[in-house]
Amino acid sequence: MLTLTFTVADLARTRLAMSPLWEVVASVRLLRTGRPHPFHRAWATAVRQRLDGVELGLLFDLVDPDVWYLADFLTPPPKSPVPDLETDLGALRRVPPEQVRADLDVLAYARRTPLGSLAEARMPRRLRTPRPGELPSAAVAELYADPAGGMVELAAQVERYWALAIAPYWGRIRALLDGDLLYRGRRLGQAGPAGLFEDLATGVTWRDGVLSIRHRRFHGDRQLTGEGLLLTPSAFVWPTVYTSTIPPWQPTLTYPARGMATLWTTSPSTPTGLAGVLGRSRATLLTQLDSPRSTTELSSRTGLTPGGTSQHLTTLRQAGLVSAHRVGRVVLYARTPAAEALLDASR
């Protein structure tokens, strides 16, 4: 069990953000498990075929599903709620060489220690460096020896992987993450920290200012001191959660995005009766809003022009059937309770 104890300042600085780099790392780990959950099986099969023969050795060697620690430099905390890949890669390239080595020291400790503790994980950064064979591969050992050059190659491999494994699906993944950020923001506004944390994931509980996170192979207690907690939704981490709690990185909790089971499902059908009342285009848009979506995604999913989609959404909003919410630079549209009741009746 890992526990994080919050001060008032930590609650004030707790924030939500998505991270394209986390989607890279989490999806690589999923591919390396060998038996992905049925939710992701079709995606994994297609992606493995695309990756065949592509040089990604350093990236894949760093992400080992059999080890309880992921090198923290792989996922620098994003500064904005909705960064793009290039922004995340810029942060990756700027990780200081001494921090890369420090994180690899912890990785070596984790590889030789089946059960880790927060107190012991902080010690390798001060006491010792990896012995030969303690790092996953020769490529990772070369990264340790030359962090500056190795990080350039790592960033290039991330870009290659993204283009083949994530970019073709980023629209729907991004919509899932945006929808989760919108939901979490609402929960925080409605019920405070308890509302934010209570349905975050199985094994995560909030009580009296302490967040408890159940881990099978890692335990510890950390008193936060004003740095706050970063919450990052992911499409690929279910059913687990990931934490980054070893200083100097900002404490981070990565959790399964809400609605992940629908990520790869086909679009729902439009009820005929509803189309007769609202018109097929508006009824289709309402049907597609089973999770919050942007105008661009709705246009792509329905085949309507962006201009036509925008006009229909404006009409639906004026009728009280759709609400609009800004997440970063993107406006997400969501069904109102009146729209939910209308859809339920038509079905």
# chains A, B, ... in the order shown; residues from 1 in each chain; ligands from 1
call {"tool": "closest_atom_pairs", "arguments": {"of": "stretch 36-138 of chain A", "to": "stretch 246-255 of chain A", "cutoff": "10 Å", "atoms": "only C-alpha atoms", "output": "tab-separated table"}}
result
residue	atom	partner	partner_atom	distance
A:Asp72	CA	A:Trp249	CA	7.5
A:Phe73	CA	A:Trp249	CA	8.7
A:Thr75	CA	A:Trp249	CA	9.9
A:Pro76	CA	A:Trp249	CA	7.8
A:Pro77	CA	A:Gln250	CA	6.9
A:Gln99	CA	A:Pro248	CA	9.1
A:Asp103	CA	A:Ile246	CA	9.4
A:Val106	CA	A:Ile246	CA	9.5
A:Leu118	CA	A:Ile246	CA	6.9
A:Ala119	CA	A:Ile246	CA	8.8
A:Ala121	CA	A:Ile246	CA	7.3
A:Arg122	CA	A:Ile246	CA	6.4
call {"tool": "write_last_selection", "arguments": {"atoms": "N, CA and C atoms", "output": "CSV table (one decimal), in the first residue's frame"}}
result
chain,number,residue,atom,x,y,z
A,72,ASP,N,11.2,7.3,-14.3
A,72,ASP,CA,10.3,8.5,-14.3
A,72,ASP,C,10.7,9.5,-15.4
A,73,PHE,N,11.9,9.5,-15.9
A,73,PHE,CA,12.2,10.5,-17.0
A,73,PHE,C,11.5,10.2,-18.3
A,75,THR,N,8.3,10.0,-18.6
A,75,THR,CA,7.1,10.7,-18.6
A,75,THR,C,7.2,12.0,-17.7
A,76,PRO,N,7.9,13.0,-18.2
A,76,PRO,CA,8.0,14.2,-17.4
A,76,PRO,C,6.6,14.8,-17.2
A,77,PRO,N,6.3,15.3,-16.0
A,77,PRO,CA,4.9,15.9,-15.8
A,77,PRO,C,4.6,17.0,-16.8
A,99,GLN,N,19.7,13.3,-14.0
A,99,GLN,CA,18.4,12.8,-13.6
A,99,GLN,C,18.2,11.5,-14.3
A,103,ASP,N,17.4,8.0,-12.3
A,103,ASP,CA,16.3,7.1,-12.5
A,103,ASP,C,16.7,5.7,-12.9
A,106,VAL,N,17.5,3.7,-9.9
A,106,VAL,CA,16.3,3.2,-9.3
A,106,VAL,C,15.8,2.0,-10.1
A,118,LEU,N,9.1,2.9,-1.0
A,118,LEU,CA,9.5,4.3,-1.3
A,118,LEU,C,10.7,4.7,-0.6
A,119,ALA,N,10.9,4.3,0.6
A,119,ALA,CA,12.1,4.7,1.4
A,119,ALA,C,13.4,4.2,0.7
A,121,ALA,N,13.7,3.0,-2.4
A,121,ALA,CA,13.8,3.4,-3.8
A,121,ALA,C,14.5,4.8,-3.9
A,122,ARG,N,14.5,5.6,-2.9
A,122,ARG,CA,15.1,6.9,-2.9
A,122,ARG,C,16.6,6.7,-2.6
call {"tool": "select_by_dssp", "arguments": {"residues": "stretch 28-263 of chain A", "states": "strand (DSSP E or B)", "output": "list in words"}}
result
Gly116, Ser117, Val204, Thr205, Trp206, Arg207, Val210, Leu211, Ser212, Ile213, Phe218, His219, Gly220, Asp221, Arg222, Gln223, Leu230, Leu231, Thr232, Pro233, Ser234, Tyr242, Thr243, Ser244, Thr252, Leu253, Thr254, Tyr255 and Pro256 of chain A
call {"tool": "residues_around", "arguments": {"residues": "stretch 341-344 of chain A", "least_positions_apart": "6", "cutoff": "10 Å", "atoms": "only C-alpha atoms", "output": "PyMOL selection string"}}
result
chain A and resi 270-271+273-274+283+286-287+321+335
call {"tool": "select_by_dssp", "arguments": {"residues": "stretch 49-254 of chain A", "states": "alpha helix (DSSP H)", "output": "VMD selection string"}}
result
chain A and resid 49 to 51 57 to 62 85 to 93 97 to 112 118 to 121 124 to 127 138 to 145 147 to 161 170 to 197
call {"tool": "closest_atom_pairs", "arguments": {"of": "stretch 52-99 of chain A", "to": "stretch 322-331 of chain A", "cutoff": "9 Å", "atoms": "only C-alpha atoms", "output": "Markdown table"}}
result
| residue | atom | partner | partner_atom | distance |
| --- | --- | --- | --- | --- |
| A:Ser80 | CA | A:Gly328 | CA | 8.0 |
| A:Pro81 | CA | A:Gly328 | CA | 6.3 |
| A:Val82 | CA | A:Gly328 | CA | 6.0 |
| A:Pro83 | CA | A:Gly328 | CA | 9.0 |
call {"tool": "residues_around", "arguments": {"residues": "stretch 195-202 of chain A", "least_positions_apart": "4", "cutoff": "12 Å", "atoms": "only C-alpha atoms", "output": "ChimeraX atom specification"}}
result
/A:11,14-16,180-191,206-207,209-215,229,231-234,237-242,253-259
